[in-house]
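Student: Take a look at final_24.cif, mmCIF, C-alpha atoms:
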```
data_target
#
loop_
_atom_site.label_atom_id
_atom_site.label_comp_id
_atom_site.auth_asym_id
_atom_site.auth_seq_id
_atom_site.Cartn_x
_atom_site.Cartn_y
_atom_site.Cartn_z
CA HIS A 121 0.00 0.00 0.00
CA THR A 122 1.46 3.33 -0.97
CA ARG A 123 -0.64 6.46 -0.96
CA LEU A 124 -3.35 6.12 1.66
CA VAL A 125 -6.24 8.02 0.12
CA SER A 126 -9.71 6.68 -0.64
CA ASP A 127 -8.43 3.15 -0.27
CA TRP A 128 -10.22 -0.04 0.71
CA SER A 129 -8.15 -3.12 1.42
CA SER A 130 -9.12 -6.48 2.85
CA ASN A 131 -7.30 -9.57 4.05
CA VAL A 132 -9.50 -12.65 3.85
CA CYS A 133 -9.29 -16.35 4.64
CA SER A 134 -11.02 -19.02 6.65
CA SER A 135 -10.77 -18.99 10.44
CA ASP A 136 -7.37 -19.53 12.11
CA LEU A 137 -5.36 -19.12 8.92
CA GLY A 138 -3.21 -16.21 9.98
CA LYS A 139 -5.21 -13.20 8.82
CA THR A 140 -4.79 -11.42 12.17
CA SER A 141 -1.02 -11.85 11.98
CA THR A 142 -0.92 -10.59 8.39
CA LEU A 143 -3.05 -7.57 9.26
CA ALA A 144 -0.80 -6.81 12.23
CA ALA A 145 2.27 -7.04 9.98
CA ILE A 146 0.75 -4.52 7.55
CA VAL A 147 -0.04 -2.17 10.43
CA ASP A 148 3.52 -2.58 11.73
CA ILE A 149 4.91 -1.55 8.33
CA LEU A 150 2.72 1.55 8.33
CA ASN A 151 3.63 2.29 11.95
CA ARG A 152 7.36 2.13 11.25
CA ASN A 153 7.44 3.85 7.87
CA THR A 154 4.76 6.57 7.91
CA THR A 155 3.73 9.43 10.16
CA HIS A 156 0.02 8.68 9.75
CA HIS A 157 -2.57 8.53 12.50
CA ILE A 158 -3.65 4.88 12.69
CA ILE A 159 -6.73 3.75 14.61
CA THR A 160 -7.41 0.04 15.10
CA VAL A 161 -10.68 -1.52 16.25
CA GLU A 162 -10.25 -5.11 17.42
CA ASP A 163 -12.04 -7.90 19.29
CA PRO A 164 -9.82 -8.55 21.17
CA ILE A 165 -6.51 -6.71 20.78
CA GLU A 166 -4.01 -9.48 19.97
CA TYR A 167 -0.98 -7.43 18.95
CA VAL A 168 0.00 -4.28 20.85
CA HIS A 169 1.78 -1.88 18.51
CA PRO A 170 4.42 0.28 20.23
CA ARG A 171 4.73 3.91 19.21
CA ALA A 172 7.10 4.24 16.24
CA ARG A 173 6.83 6.93 13.55
CA ALA A 174 3.04 6.79 13.32
CA MET A 175 0.49 7.83 15.93
CA MET A 176 -1.18 4.61 17.09
CA SER A 177 -4.59 4.34 18.78
CA GLN A 178 -5.94 0.85 19.53
CA ARG A 179 -9.54 0.20 20.60
CA GLU A 180 -10.93 -3.07 21.96
CA ILE A 181 -14.58 -4.08 21.70
CA GLY A 182 -16.03 -4.34 25.19
CA ALA A 183 -13.21 -2.52 26.96
CA HIS A 184 -13.22 0.74 24.99
CA THR A 185 -16.31 0.63 22.79
CA LYS A 186 -19.57 -1.28 22.39
CA SER A 187 -19.24 -2.37 18.77
CA PHE A 188 -17.15 -2.09 15.62
CA ALA A 189 -19.71 0.29 14.10
CA ASN A 190 -19.70 2.60 17.13
CA ALA A 191 -15.92 2.62 17.23
CA LEU A 192 -15.70 3.42 13.52
CA LYS A 193 -18.15 6.27 13.86
CA ALA A 194 -16.20 7.75 16.76
CA SER A 195 -12.81 7.20 15.11
CA LEU A 196 -13.69 9.41 12.15
CA ARG A 197 -13.95 12.38 14.52
CA GLU A 198 -10.27 11.90 15.42
CA ASP A 199 -8.98 12.66 11.91
CA PRO A 200 -7.27 9.30 11.23
CA ASP A 201 -5.35 8.49 8.06
CA VAL A 202 -5.72 4.72 8.48
CA VAL A 203 -8.63 2.81 10.02
CA VAL A 204 -8.08 -0.88 10.82
CA VAL A 205 -11.15 -3.06 11.41
CA GLY A 206 -10.37 -6.39 13.08
CA GLU A 207 -13.30 -8.10 11.39
CA LEU A 208 -15.93 -6.96 8.88
CA ARG A 209 -18.68 -9.06 10.36
CA ASP A 210 -21.99 -7.21 9.82
CA THR A 211 -23.74 -4.75 7.52
CA GLU A 212 -23.42 -1.74 9.82
CA THR A 213 -19.67 -2.22 10.26
CA VAL A 214 -19.10 -2.64 6.52
CA GLN A 215 -21.25 0.43 5.80
CA MET A 216 -19.17 2.55 8.18
CA ALA A 217 -15.95 1.17 6.69
CA LEU A 218 -17.10 1.99 3.16
CA SER A 219 -18.06 5.50 4.25
CA ALA A 220 -14.62 5.97 5.78
CA SER A 221 -12.95 4.88 2.54
CA GLU A 222 -15.04 7.38 0.58
CA THR A 223 -13.78 10.25 2.73
CA GLY A 224 -10.09 9.69 2.06
CA HIS A 225 -9.11 7.09 4.65
CA LEU A 226 -7.23 3.87 4.09
CA VAL A 227 -9.41 1.11 5.52
CA LEU A 228 -7.91 -2.29 6.33
CA GLY A 229 -10.11 -5.16 7.41
CA THR A 230 -10.51 -8.93 7.47
CA MET A 231 -13.30 -11.33 6.56
CA ASN A 232 -13.78 -15.09 6.68
CA THR A 233 -14.24 -16.02 3.00
CA PRO A 234 -12.80 -18.80 0.83
CA SER A 235 -11.24 -16.63 -1.90
CA ALA A 236 -10.56 -13.09 -3.05
CA ALA A 237 -13.36 -13.16 -5.62
CA LYS A 238 -15.89 -14.45 -3.08
CA THR A 239 -14.98 -11.60 -0.74
CA ILE A 240 -16.47 -9.02 -3.11
CA ASP A 241 -19.72 -10.97 -3.39
CA ARG A 242 -19.86 -11.38 0.37
CA LEU A 243 -19.44 -7.64 0.96
CA ILE A 244 -22.16 -6.79 -1.54
CA ASP A 245 -24.57 -9.49 -0.34
CA LEU A 246 -24.50 -8.06 3.19
CA PHE A 247 -26.67 -5.23 1.91
CA PRO A 248 -30.32 -5.26 0.74
CA PRO A 249 -30.82 -5.28 -3.05
CA ALA A 250 -31.82 -1.62 -3.10
CA ASP A 251 -28.42 -0.61 -1.69
CA GLN A 252 -26.19 -2.99 -3.61
CA GLY A 253 -25.76 -0.70 -6.62
CA GLN A 254 -24.18 2.02 -4.47
CA VAL A 255 -22.00 -0.53 -2.68
CA ARG A 256 -20.76 -1.75 -6.04
CA MET A 257 -19.88 1.78 -7.10
CA THR A 258 -17.97 2.41 -3.86
CA LEU A 259 -15.99 -0.83 -4.17
CA ALA A 260 -15.34 -0.29 -7.88
CA VAL A 261 -13.70 3.07 -7.19
CA GLY A 262 -12.07 2.52 -3.79
CA LEU A 263 -10.90 -1.11 -3.66
CA ARG A 264 -7.11 -1.30 -3.64
CA LEU A 265 -6.25 -4.88 -2.73
CA ILE A 266 -7.65 -8.17 -1.48
CA VAL A 267 -5.27 -10.71 0.04
CA SER A 268 -6.59 -14.23 0.54
CA GLN A 269 -4.31 -16.70 2.28
CA ARG A 270 -4.04 -20.28 3.44
CA LEU A 271 -1.54 -22.01 5.68
CA VAL A 272 -0.22 -25.07 3.86
CA PRO A 273 1.53 -27.90 5.77
CA THR A 274 5.19 -28.47 4.96
CA PRO A 275 7.08 -31.79 4.98
CA ASP A 276 8.72 -30.87 8.31
CA LYS A 277 5.30 -30.47 10.01
CA LYS A 278 5.29 -26.67 9.90
CA VAL A 279 3.13 -24.37 7.75
CA VAL A 280 3.82 -21.84 5.02
CA VAL A 281 1.53 -19.18 3.56
CA ALA A 282 0.01 -19.54 0.10
CA ALA A 283 -1.40 -16.14 -0.85
CA GLU A 284 -3.85 -14.96 -3.48
CA LEU A 285 -3.61 -11.26 -4.46
CA LEU A 286 -6.36 -9.33 -6.23
CA PRO A 287 -5.34 -5.68 -6.69
CA GLY A 288 -7.84 -2.99 -7.56
CA SER A 289 -7.77 -2.03 -11.23
CA ILE A 290 -9.94 -0.48 -13.91
CA ALA A 291 -10.76 -3.96 -15.21
CA LEU A 292 -11.78 -5.23 -11.76
CA GLY A 293 -13.73 -2.07 -11.01
CA THR A 294 -15.69 -2.46 -14.24
CA LEU A 295 -16.68 -6.03 -13.37
CA ILE A 296 -17.80 -4.97 -9.88
CA ARG A 297 -19.76 -1.95 -11.12
CA ASP A 298 -21.46 -3.91 -13.92
CA ASN A 299 -22.46 -6.79 -11.60
CA LYS A 300 -20.20 -9.23 -13.44
CA THR A 301 -18.16 -10.52 -10.52
CA PHE A 302 -18.65 -14.05 -11.88
CA GLN A 303 -16.04 -13.06 -14.48
CA ILE A 304 -13.36 -12.31 -11.86
CA PRO A 305 -11.80 -15.82 -12.10
CA SER A 306 -11.30 -15.19 -15.83
CA LEU A 307 -9.64 -11.85 -15.06
CA GLN A 308 -7.37 -13.60 -12.56
CA GLN A 309 -6.22 -16.10 -15.20
CA ARG A 310 -5.02 -13.33 -17.55
CA GLY A 311 -4.17 -10.62 -15.06
CA LYS A 312 -0.50 -11.11 -14.15
CA ALA A 313 0.30 -7.75 -15.72
CA LEU A 314 -2.12 -6.18 -13.22
CA GLY A 315 -0.28 -7.72 -10.28
CA ILE A 316 -2.81 -10.51 -9.80
CA ILE A 317 -1.52 -13.68 -8.18
CA ARG A 318 -3.82 -16.70 -8.12
CA LEU A 319 -3.73 -19.23 -5.30
CA GLU A 320 -2.58 -21.78 -7.86
CA ASP A 321 0.36 -19.52 -8.84
CA SER A 322 1.41 -19.28 -5.21
CA LEU A 323 1.18 -23.04 -4.76
CA VAL A 324 3.27 -23.62 -7.88
CA ASP A 325 5.99 -21.33 -6.53
CA LEU A 326 5.97 -23.12 -3.16
CA VAL A 327 6.28 -26.52 -4.83
CA LYS A 328 9.07 -25.24 -7.08
CA ALA A 329 10.94 -23.92 -4.03
CA GLY A 330 10.59 -27.30 -2.32
CA LYS A 331 8.61 -25.84 0.58
CA ILE A 332 5.51 -28.02 0.09
CA THR A 333 4.70 -31.26 -1.67
CA VAL A 334 2.58 -31.59 -4.79
CA GLU A 335 0.01 -33.48 -2.72
CA ALA A 336 -0.28 -30.61 -0.24
CA ALA A 337 -0.65 -28.14 -3.10
CA ARG A 338 -3.38 -30.18 -4.72
CA ALA A 339 -5.22 -30.46 -1.40
CA GLU A 340 -5.31 -26.66 -1.06
CA SER A 341 -6.25 -25.79 -4.63
CA PRO A 342 -9.97 -25.01 -4.96
CA GLU A 343 -9.89 -26.12 -8.61
CA TYR A 344 -7.80 -29.26 -8.70
CA ASP A 345 -7.79 -29.84 -12.46
CA LYS A 346 -6.63 -26.31 -13.25
CA ALA A 347 -4.01 -26.39 -10.50
CA ALA A 348 -2.59 -29.80 -11.47
CA LYS A 349 -1.39 -28.69 -14.89
CA PRO A 350 0.90 -25.80 -13.80
CA ILE A 351 2.17 -27.82 -10.85
CA SER A 352 2.91 -30.84 -13.05
CA ALA A 353 4.63 -28.53 -15.53
CA LEU A 354 7.37 -28.14 -12.95
CA GLY A 355 8.41 -31.69 -13.65
CA GLN A 356 6.83 -33.22 -10.56
CA PRO A 357 4.15 -35.93 -10.72
#
```
What's the structure tokens form of this structure?
Tutor:
Amino acid sequence: HTRLVSDWSSNVCSSDLGKTSTLAAIVDILNRNTTHHIITVEDPIEYVHPRARAMMSQREIGAHTKSFANALKASLREDPDVVVVGELRDTETVQMALSASETGHLVLGTMNTPSAAKTIDRLIDLFPPADQGQVRMTLAVGLRLIVSQRLVPTPDKKVVVAAELLPGSIALGTLIRDNKTFQIPSLQQRGKALGIIRLEDSLVDLVKAGKITVEAARAESPEYDKAAKPISALGQP
């Protein structure tokens, strides 16, 4: 993430797959390398960020505020540059996060979804049909990046991250705005020039580096047949 204006970023994966750690790492980078005012809203606070270059304010649900939505509403009165939402779990929270992104804030959040493409559908489907058109427009303009990750077992009984990256782009924004998100997988297949990394691409790299086995890669790939070809192309069975 570079310039933090009108941005909307999300880190998504299933439960207990490291999204909190990844989000904390992103916040740490911003804390150490920018002078921005960063406000986090978490349930609970799992990583305490010491004061570095940025101005850090961490809020915990229950201890400091009643809900994510209330905390987001209050945080916007404190002139933050970056708003971090521990989990985008309900319509009101997502609405407040979208509003914050529209007013020039970088919003970072997490969701439990199976893939980057499904994250967009999940965000939109949280809203009633009458509001979905506006949500699409907001995401089409403001979305900067979706990171979807999985922890894949290694031969030495540890885990390594396989990541899927879906950056915001004119092409992606057009699909979102025109209600054609079903075409996102096609965009991902031909979008390397846009910085897109598919889960399958990440798995191929991990197999090539010897960090995971072909069997582990195949177990993690949501589309086995499509994943098997690039993995096999590496010369492994």
Student: Pick out the closest residue to Val255 of chain A from this set: A:Ala174, A:Val272, A:Leu218, A:Leu228. Count all atoms listed in the file.
Tutor: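 Answer, going by the shortest atom-to-atom distance: A:Leu218.
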Student: Counting only C-alpha atoms, what is within 9 Å of Leu246 of chain A, bar same-chain residues fewer than 5 positions away, as a PyMOL selection string?
Tutor: chain A and resi 210-211+214+241+252
Student: For Gly206 of chain A, list every protein, DNA or RNA residue within 8 Å, evaluated using only C-alpha atoms, and leave out those in the same chain fewer than 2 positions away; present the list as a ChimeraX atom specification.
Tutor: /A:140,160-163,204,208,229-230
Student: Take the residues just selected and output them with C-alpha atoms as a tab-separated table (two decimals), keeping the file's coordinate frame.
Tutor:
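Result file is again_13.tsv:
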```tsv
chain	number	residue	atom	x	y	z
A	140	THR	CA	-4.79	-11.42	12.17
A	160	THR	CA	-7.41	0.04	15.10
A	161	VAL	CA	-10.68	-1.52	16.25
A	162	GLU	CA	-10.25	-5.11	17.42
A	163	ASP	CA	-12.04	-7.90	19.29
A	204	VAL	CA	-8.08	-0.88	10.82
A	208	LEU	CA	-15.93	-6.96	8.88
A	229	GLY	CA	-10.11	-5.16	7.41
A	230	THR	CA	-10.51	-8.93	7.47
```
Student: Name the residues that the PyMOL selection byres ((chain A and resi 236-238) around 8) pulls out of this structure, and write them as a list in words.
Tutor: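 This file, filtered by the PyMOL selection byres ((chain A and resi 236-238) around 8), leaves Val132, Thr233, Pro234, Ser235, Thr239, Ile240, Asp241, Arg242, Ile266, Val267, Ser268, Glu284, Leu285, Leu286, Thr301, Ile304 and Pro305 of chain A.
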Student: Using all atoms listed in the file, which of the listed residues (A:Arg338, A:Arg297, A:His225, A:Arg152) sits closest to Gly253 of chain A?
Tutor: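 The answer is A:Arg297, which sits nearest to Gly253 of chain A.
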Student: Have a look at atom CA of Gln309 of chain A and atom CA of Leu226 of chain A and let me know their distance in Å, one decimal.
Tutor: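 Here the two named atoms are 27.8 Å from each other.
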Student: Would you pick out the contacts of Pro273 of chain A at 12 Å or less, using all atoms listed in the file, so that residues sharing its chain but fewer than 3 positions from it are not included, and give the list as a list in words?
Tutor: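 My reading of the contact set: Leu137, Arg270, Asp276, Lys277, Lys278, Val279, Val280, Val281, Ala282, Leu323, Leu326, Val327, Lys331, Ile332, Thr333, Val334, Glu335, Ala336, Ala337, Arg338, Ala339 and Glu340 of chain A.
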